[in-house]
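Working notes, structure below.
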Amino acid sequence: MGIFSIFKKTEKTGADSTVESTELVNGTEPSAQSEEVTTALSLHPAWDVPKEQQYVFSFLSNELEPLKPNQISLSGIDIEQDDNTQAWLVKAFLRTSLATPITLNTAELVLIDQNEQVVAAKEFNLAELGELPATSARPWVFVFEQPTLKGELPKDGWRLAFNVQSLVPHKIELDAAWEEALSDEQKDGLKKIVDSLPKLHDREVNFSGFQAKVQPDGTLAVSLFIRNGHSQQITLEQLPLEVLDANGKIVAQGAFTIDQLKVNANTSKPWTFLFPKEMVINKDSDMSKWTVRVPQSA
């Protein structure tokens, strides 16, 4: 299927989503302009566009609503499903109201249906769209392959949006109780640990232990980071865990019920789990090096 055979319809089934340019482009200077900005059609320089196709692009572009100054927008046009791969071909304009050209980098885009549910999510290299001229609108086809799909193909009222959270550097997140109890020095120490940990893969969640202490009553207190590599918040309610010593032997294991423990997107949250002495299997373990994990059978 060629690029121009995809852009056939002039009926727009998608909605618009906008973000401030400072959320996507570093070093952009906000304009003092207050008037709305009308964007002009801009085709990728590598495209050799037939005249009849130029008419379709121009018609769709002229129908777009003006933007406010200093905005970047995704304006949904239409979605088709590839008959061979079953991928979703999402047609949209990437628009900018900035007074200077911009080139975007990598960002996750999410497809949101009319019920505000995310039905597809994928990271795109937006540099492939080339440099966007000032106050322009560039048509593009964003391909969401089968593994990136999360729901039903939306028909009307959908929108393609930037997941701005995916652009935020991974950071530590402290629960209110930890924030209040820890000194600035202790907080800085935890931050340094998080910064030293291996980078998470996309949508990876893992657990990295940093402190284990046996209490006077025999309880094993294990502190770990719950690391969320998703671009969306996760909520934990039940969590089976086991602690392994330097020799890979199980020290303690148990299942924990948690009251809606939320971990924001792209953050690591420290938490302490108490294994009562009944859960401690091996009291003579070599804890010079240890790990914590979710049991494979969980």
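A note on labels: chains of the structure tokens are A, B, ... as shown, every chain counts residues from 1, and ligands are counted from 1 in their shown order.
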Write out as a ChimeraX atom specification which residues come within 9 Å of Glu131 in chain A when counting only C-alpha atoms, dropping same-chain ones fewer than 5 positions away. /A:44,101-104
Output for the residues just chosen: C-alpha atoms as a PDB file, in the first residue's frame:
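The resulting part_6.pdb:
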```pdb
ATOM      1  CA  HIS A  44       7.996  15.964   3.466  1.00  0.00           C
ATOM      2  CA  PRO A 101      11.588  25.471  12.449  1.00  0.00           C
ATOM      3  CA  ILE A 102      11.864  22.433  14.738  1.00  0.00           C
ATOM      4  CA  THR A 103      12.971  18.810  14.526  1.00  0.00           C
ATOM      5  CA  LEU A 104      11.497  16.424  17.064  1.00  0.00           C
TER       6      LEU A 104
END
```
Residues within 8 Å of Gly76 in chain A, only C-alpha atoms, excluding chain neighbours under 6 positions, as a PDB file with C-alpha atoms, in the first residue's frame:
```pdb
ATOM      1  CA  LYS A  12     -11.811  13.588   9.338  1.00  0.00           C
ATOM      2  CA  THR A  13     -12.721  11.048  12.051  1.00  0.00           C
ATOM      3  CA  GLY A  14     -10.047  11.977  14.624  1.00  0.00           C
ATOM      4  CA  ALA A  15      -9.753  14.814  17.119  1.00  0.00           C
ATOM      5  CA  ASP A  16      -6.828  17.076  18.031  1.00  0.00           C
ATOM      6  CA  VAL A  90      -3.081   6.201  11.787  1.00  0.00           C
ATOM      7  CA  LYS A  91      -3.149   9.251   9.555  1.00  0.00           C
ATOM      8  CA  ALA A  92      -2.553  12.579  11.245  1.00  0.00           C
ATOM      9  CA  PHE A  93      -1.032  16.016  10.875  1.00  0.00           C
ATOM     10  CA  TRP A 158     -10.335   9.142  18.722  1.00  0.00           C
ATOM     11  CA  ARG A 159      -7.169  11.152  19.126  1.00  0.00           C
ATOM     12  CA  LEU A 160      -3.442  10.610  18.795  1.00  0.00           C
TER      13      LEU A 160
END
```
Considering only C-alpha atoms, return as a list in words whatever protein or nucleic-acid residues lie within 6 Å of Thr135 in chain A, sequence-local ones (same chain, fewer than 3 positions apart) excluded. Thr39, Thr96, Ser97 and Leu98 of chain A
Contact residues around Arg227 in chain A with only C-alpha atoms at 6 Å, ignoring same-chain residues under 4 positions, as a ChimeraX atom specification: /A:205-206,268
Which of range 16-136 of chain A DSSP labels helix (DSSP H, G or I), written as a short mmCIF file (atom, residue, chain, number, x, y, z; two decimals) with all heavy atoms, in the first residue's frame:
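Written file, result_20.cif:
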```cif
data_model
loop_
_atom_site.label_atom_id
_atom_site.label_comp_id
_atom_site.auth_asym_id
_atom_site.auth_seq_id
_atom_site.Cartn_x
_atom_site.Cartn_y
_atom_site.Cartn_z
N SER A 21 5.06 23.63 23.53
CA SER A 21 6.30 23.28 22.84
C SER A 21 7.44 23.00 23.81
O SER A 21 8.31 22.18 23.53
CB SER A 21 6.71 24.41 21.88
OG SER A 21 6.91 25.62 22.60
N THR A 22 7.42 23.65 24.99
CA THR A 22 8.50 23.45 25.96
C THR A 22 8.51 22.03 26.52
O THR A 22 9.52 21.58 27.06
CB THR A 22 8.37 24.45 27.12
OG1 THR A 22 7.02 24.40 27.65
CG2 THR A 22 8.66 25.87 26.66
N GLU A 23 7.39 21.30 26.38
CA GLU A 23 7.34 19.93 26.88
C GLU A 23 8.03 18.95 25.94
O GLU A 23 8.38 17.84 26.34
CB GLU A 23 5.89 19.50 27.10
CG GLU A 23 5.16 20.28 28.18
CD GLU A 23 3.79 19.71 28.47
OE1 GLU A 23 3.70 18.79 29.28
OE2 GLU A 23 2.82 20.18 27.85
N LYS A 51 -0.76 15.74 -8.21
CA LYS A 51 -1.59 16.93 -8.01
C LYS A 51 -2.92 16.62 -7.35
O LYS A 51 -3.41 17.38 -6.52
CB LYS A 51 -1.81 17.63 -9.36
CG LYS A 51 -0.58 18.33 -9.88
CD LYS A 51 -0.93 19.39 -10.89
CE LYS A 51 0.33 20.20 -11.23
NZ LYS A 51 0.06 21.26 -12.20
N GLU A 52 -3.51 15.47 -7.72
CA GLU A 52 -4.80 15.14 -7.11
C GLU A 52 -4.63 14.86 -5.61
O GLU A 52 -5.52 15.14 -4.81
CB GLU A 52 -5.44 13.93 -7.80
CG GLU A 52 -4.62 12.65 -7.77
CD GLU A 52 -3.66 12.53 -8.94
OE1 GLU A 52 -3.34 13.57 -9.56
OE2 GLU A 52 -3.23 11.39 -9.23
N GLN A 53 -3.46 14.34 -5.24
CA GLN A 53 -3.21 14.09 -3.83
C GLN A 53 -2.94 15.40 -3.08
O GLN A 53 -3.33 15.56 -1.93
CB GLN A 53 -2.02 13.15 -3.65
CG GLN A 53 -1.76 12.73 -2.21
CD GLN A 53 -2.92 11.96 -1.62
OE1 GLN A 53 -3.34 10.96 -2.17
NE2 GLN A 53 -3.45 12.43 -0.51
N GLN A 54 -2.28 16.33 -3.76
CA GLN A 54 -2.05 17.65 -3.15
C GLN A 54 -3.38 18.31 -2.80
O GLN A 54 -3.49 19.00 -1.78
CB GLN A 54 -1.26 18.54 -4.11
CG GLN A 54 0.19 18.12 -4.28
CD GLN A 54 0.97 19.10 -5.14
OE1 GLN A 54 0.65 20.30 -5.18
NE2 GLN A 54 1.96 18.59 -5.85
N TYR A 55 -4.39 18.08 -3.63
CA TYR A 55 -5.71 18.66 -3.35
C TYR A 55 -6.28 18.09 -2.05
O TYR A 55 -6.82 18.83 -1.22
CB TYR A 55 -6.67 18.37 -4.50
CG TYR A 55 -8.11 18.69 -4.16
CD1 TYR A 55 -8.58 20.00 -4.17
CD2 TYR A 55 -8.99 17.67 -3.77
CE1 TYR A 55 -9.89 20.29 -3.82
CE2 TYR A 55 -10.30 17.95 -3.42
CZ TYR A 55 -10.74 19.27 -3.45
OH TYR A 55 -12.03 19.55 -3.10
N VAL A 56 -6.13 16.76 -1.86
CA VAL A 56 -6.63 16.13 -0.64
C VAL A 56 -5.91 16.70 0.58
O VAL A 56 -6.54 17.06 1.58
CB VAL A 56 -6.47 14.60 -0.70
CG1 VAL A 56 -6.87 13.96 0.63
CG2 VAL A 56 -7.29 14.02 -1.85
N PHE A 57 -4.58 16.77 0.51
CA PHE A 57 -3.81 17.31 1.62
C PHE A 57 -4.21 18.76 1.93
O PHE A 57 -4.37 19.15 3.09
CB PHE A 57 -2.31 17.26 1.33
CG PHE A 57 -1.71 15.88 1.45
CD1 PHE A 57 -0.80 15.43 0.51
CD2 PHE A 57 -2.05 15.04 2.49
CE1 PHE A 57 -0.23 14.17 0.62
CE2 PHE A 57 -1.49 13.78 2.61
CZ PHE A 57 -0.58 13.34 1.67
N SER A 58 -4.35 19.55 0.89
CA SER A 58 -4.70 20.97 1.08
C SER A 58 -6.09 21.10 1.70
O SER A 58 -6.30 21.93 2.60
CB SER A 58 -4.66 21.71 -0.26
OG SER A 58 -3.35 21.72 -0.78
N PHE A 59 -7.04 20.30 1.24
CA PHE A 59 -8.39 20.35 1.78
C PHE A 59 -8.37 20.02 3.27
O PHE A 59 -8.96 20.74 4.09
CB PHE A 59 -9.29 19.37 1.04
CG PHE A 59 -10.70 19.35 1.56
CD1 PHE A 59 -11.66 20.24 1.09
CD2 PHE A 59 -11.08 18.44 2.55
CE1 PHE A 59 -12.95 20.23 1.59
CE2 PHE A 59 -12.37 18.42 3.05
CZ PHE A 59 -13.31 19.31 2.57
N LEU A 60 -7.69 18.92 3.63
CA LEU A 60 -7.63 18.52 5.04
C LEU A 60 -6.91 19.57 5.88
O LEU A 60 -7.34 19.89 6.99
CB LEU A 60 -6.90 17.18 5.16
CG LEU A 60 -7.64 15.95 4.61
CD1 LEU A 60 -6.70 14.76 4.53
CD2 LEU A 60 -8.85 15.61 5.49
N SER A 61 -5.84 20.12 5.35
CA SER A 61 -5.07 21.12 6.09
C SER A 61 -5.90 22.39 6.33
O SER A 61 -5.86 22.98 7.42
CB SER A 61 -3.79 21.46 5.32
OG SER A 61 -3.07 22.49 5.96
N ASN A 62 -6.65 22.80 5.34
CA ASN A 62 -7.45 24.02 5.46
C ASN A 62 -8.59 23.88 6.47
O ASN A 62 -9.11 24.87 6.97
CB ASN A 62 -8.02 24.42 4.10
CG ASN A 62 -6.95 24.89 3.15
OD1 ASN A 62 -5.88 25.33 3.57
ND2 ASN A 62 -7.22 24.79 1.85
N LEU A 126 10.44 10.63 15.74
CA LEU A 126 9.76 11.71 15.02
C LEU A 126 10.71 12.51 14.13
O LEU A 126 10.27 13.32 13.32
CB LEU A 126 9.06 12.64 16.02
CG LEU A 126 7.97 11.96 16.86
CD1 LEU A 126 7.36 12.95 17.85
CD2 LEU A 126 6.88 11.35 15.98
N ALA A 127 12.02 12.25 14.28
CA ALA A 127 12.98 12.91 13.39
C ALA A 127 12.78 12.46 11.95
O ALA A 127 13.19 13.15 11.01
CB ALA A 127 14.41 12.60 13.85
N GLU A 128 12.13 11.30 11.76
CA GLU A 128 11.86 10.80 10.41
C GLU A 128 10.93 11.73 9.64
O GLU A 128 10.91 11.70 8.41
CB GLU A 128 11.26 9.41 10.48
CG GLU A 128 12.22 8.35 11.01
CD GLU A 128 11.59 6.98 11.07
OE1 GLU A 128 10.36 6.87 10.82
OE2 GLU A 128 12.31 6.00 11.36
N LEU A 129 10.18 12.55 10.35
CA LEU A 129 9.30 13.50 9.67
C LEU A 129 10.07 14.67 9.09
O LEU A 129 9.51 15.48 8.34
CB LEU A 129 8.21 14.02 10.62
CG LEU A 129 6.99 13.12 10.81
CD1 LEU A 129 7.33 11.94 11.72
CD2 LEU A 129 5.83 13.90 11.40
#
```
Residue nearest Asp245 in chain A - candidates A:Asp284, A:Glu180, A:Asp113, A:Asp188, atoms counted: only C-alpha atoms: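 Comparing A:Asp284, A:Glu180, A:Asp113, A:Asp188 against Asp245 in chain A, the winner is A:Asp284.
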Using only C-alpha atoms, find the one residue out of A:Thr267, A:Asn105, A:Thr272, A:Gln81 that sits nearest to Ala177 in chain A.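 Using only C-alpha atoms, Ala177 in chain A sits closest to A:Thr272.
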Mind checking which residues fall within 9 Å of Asn228 in chain A, counting only C-alpha atoms, ignoring those fewer than 2 positions away in the same chain, and posting them as a PyMOL selection string? chain A and resi 170+200+203-206+226+230-234+263-269
Any chance you could list, as an MDAnalysis selection string, the residues in range 100-208 of chain A that come up strand (DSSP E) when DSSP is run on the backbone? chainID A and resid 106:112 118:125 136:144 159:162 171:172 205:208
Selection above as a file: C-alpha atoms, as a compact mmCIF listing (two decimals), in the first residue's frame:
```
# COMPACT_ATOMS: atom_id res chain seq x y z
CA THR A 106 11.86 10.12 19.96
CA ALA A 107 8.55 10.15 21.83
CA GLU A 108 5.82 7.70 22.71
CA LEU A 109 2.49 8.31 21.05
CA VAL A 110 -0.75 6.89 22.41
CA LEU A 111 -3.99 6.32 20.57
CA ILE A 112 -7.00 7.19 22.73
CA VAL A 118 -5.58 3.94 25.47
CA VAL A 119 -5.98 1.40 22.65
CA ALA A 120 -2.44 1.58 21.21
CA ALA A 121 0.95 2.88 22.31
CA LYS A 122 4.29 2.99 20.53
CA GLU A 123 7.56 4.91 20.59
CA PHE A 124 8.26 6.75 17.32
CA ASN A 125 11.38 8.42 15.99
CA SER A 136 3.28 24.28 9.59
CA ALA A 137 1.21 21.09 9.38
CA ARG A 138 2.85 17.92 8.04
CA PRO A 139 0.78 14.83 7.15
CA TRP A 140 2.14 11.45 8.22
CA VAL A 141 1.13 7.83 8.69
CA PHE A 142 1.92 6.42 12.14
CA VAL A 143 1.99 2.62 11.98
CA PHE A 144 0.94 0.72 15.11
CA ARG A 159 -7.17 11.15 19.13
CA LEU A 160 -3.44 10.61 18.80
CA ALA A 161 -1.50 12.18 21.67
CA PHE A 162 2.02 12.65 22.95
CA LYS A 171 13.59 9.60 38.85
CA ILE A 172 12.99 8.54 42.44
CA VAL A 205 8.80 -3.37 36.05
CA ASN A 206 11.43 -4.79 38.39
CA PHE A 207 12.44 -4.87 42.04
CA SER A 208 15.90 -3.88 43.26
```
Could you tell me which of A:Trp47, A:Phe256, A:Phe275, A:Trp290 comes closest to Gly218 in chain A if we count only C-alpha atoms?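 Comparing A:Trp47, A:Phe256, A:Phe275, A:Trp290 against Gly218 in chain A, the winner is A:Phe275.
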Quick check, in Å to one decimal: how far apart do CA of Ala221 in chain A and CA of Leu190 in chain A lie?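 Here the two named atoms are 17.0 Å from each other.
Compared by their closest atoms to Glu20 in chain A, and using only C-alpha atoms, the residues A:Leu182, A:Leu74, A:Leu43, A:Ile281 rank with A:Leu74 nearest.
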What does the distance from CA of Val37 in chain A to CA of Ser17 in chain A come to in Å, to one decimal?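 About the pair CA of Val37 in chain A and CA of Ser17 in chain A: they are 15.4 Å apart.
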Please identify all polymer residues within 12 Å of Gly248 in chain A, counting only C-alpha atoms, omitting same-chain residues fewer than 4 positions from it, and present them as number ranges by chain. A: 242-244, 252, 282, 285-293
Using N, CA, C and O atoms, can you write the selected residues to a file as a compact mmCIF listing (two decimals), in the first residue's frame?
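Output contents, as saved in result-v8.txt:
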```txt
# COMPACT_ATOMS: atom_id res chain seq x y z
N GLU A 242 10.31 -13.20 47.12
CA GLU A 242 11.24 -14.08 47.80
C GLU A 242 12.63 -13.43 47.77
O GLU A 242 12.98 -12.73 46.81
N VAL A 243 13.36 -13.65 48.86
CA VAL A 243 14.70 -13.10 49.01
C VAL A 243 15.71 -14.23 48.84
O VAL A 243 15.56 -15.30 49.46
N LEU A 244 16.74 -14.02 48.00
CA LEU A 244 17.76 -15.01 47.76
C LEU A 244 19.11 -14.51 48.28
O LEU A 244 19.42 -13.31 48.14
N ALA A 252 13.87 -16.00 52.48
CA ALA A 252 12.51 -15.77 52.98
C ALA A 252 11.58 -15.63 51.79
O ALA A 252 11.99 -15.21 50.70
N ASN A 282 15.65 -19.69 55.86
CA ASN A 282 17.06 -19.99 56.15
C ASN A 282 17.65 -18.86 56.99
O ASN A 282 17.90 -17.77 56.48
N SER A 285 21.80 -17.60 56.39
CA SER A 285 22.11 -17.28 55.00
C SER A 285 23.32 -16.36 54.89
O SER A 285 23.64 -15.60 55.81
N ASP A 286 23.97 -16.41 53.73
CA ASP A 286 25.07 -15.49 53.41
C ASP A 286 24.46 -14.26 52.74
O ASP A 286 24.15 -14.27 51.56
N MET A 287 24.28 -13.21 53.54
CA MET A 287 23.64 -12.00 53.04
C MET A 287 24.65 -10.94 52.61
O MET A 287 24.33 -9.75 52.52
N SER A 288 25.89 -11.39 52.32
CA SER A 288 26.88 -10.44 51.81
C SER A 288 26.44 -9.90 50.44
O SER A 288 26.84 -8.81 50.03
N LYS A 289 25.64 -10.70 49.77
CA LYS A 289 25.04 -10.29 48.51
C LYS A 289 23.69 -10.96 48.42
O LYS A 289 23.56 -12.15 48.68
N TRP A 290 22.66 -10.20 48.07
CA TRP A 290 21.33 -10.79 48.04
C TRP A 290 20.48 -10.10 46.98
O TRP A 290 20.80 -9.01 46.52
N THR A 291 19.41 -10.77 46.61
CA THR A 291 18.49 -10.23 45.62
C THR A 291 17.05 -10.50 46.07
O THR A 291 16.81 -11.38 46.91
N VAL A 292 16.14 -9.76 45.51
CA VAL A 292 14.72 -9.98 45.77
C VAL A 292 14.00 -10.09 44.43
O VAL A 292 14.37 -9.40 43.46
N ARG A 293 13.03 -10.97 44.35
CA ARG A 293 12.33 -11.19 43.09
C ARG A 293 10.92 -11.68 43.33
O ARG A 293 10.57 -12.13 44.42
```
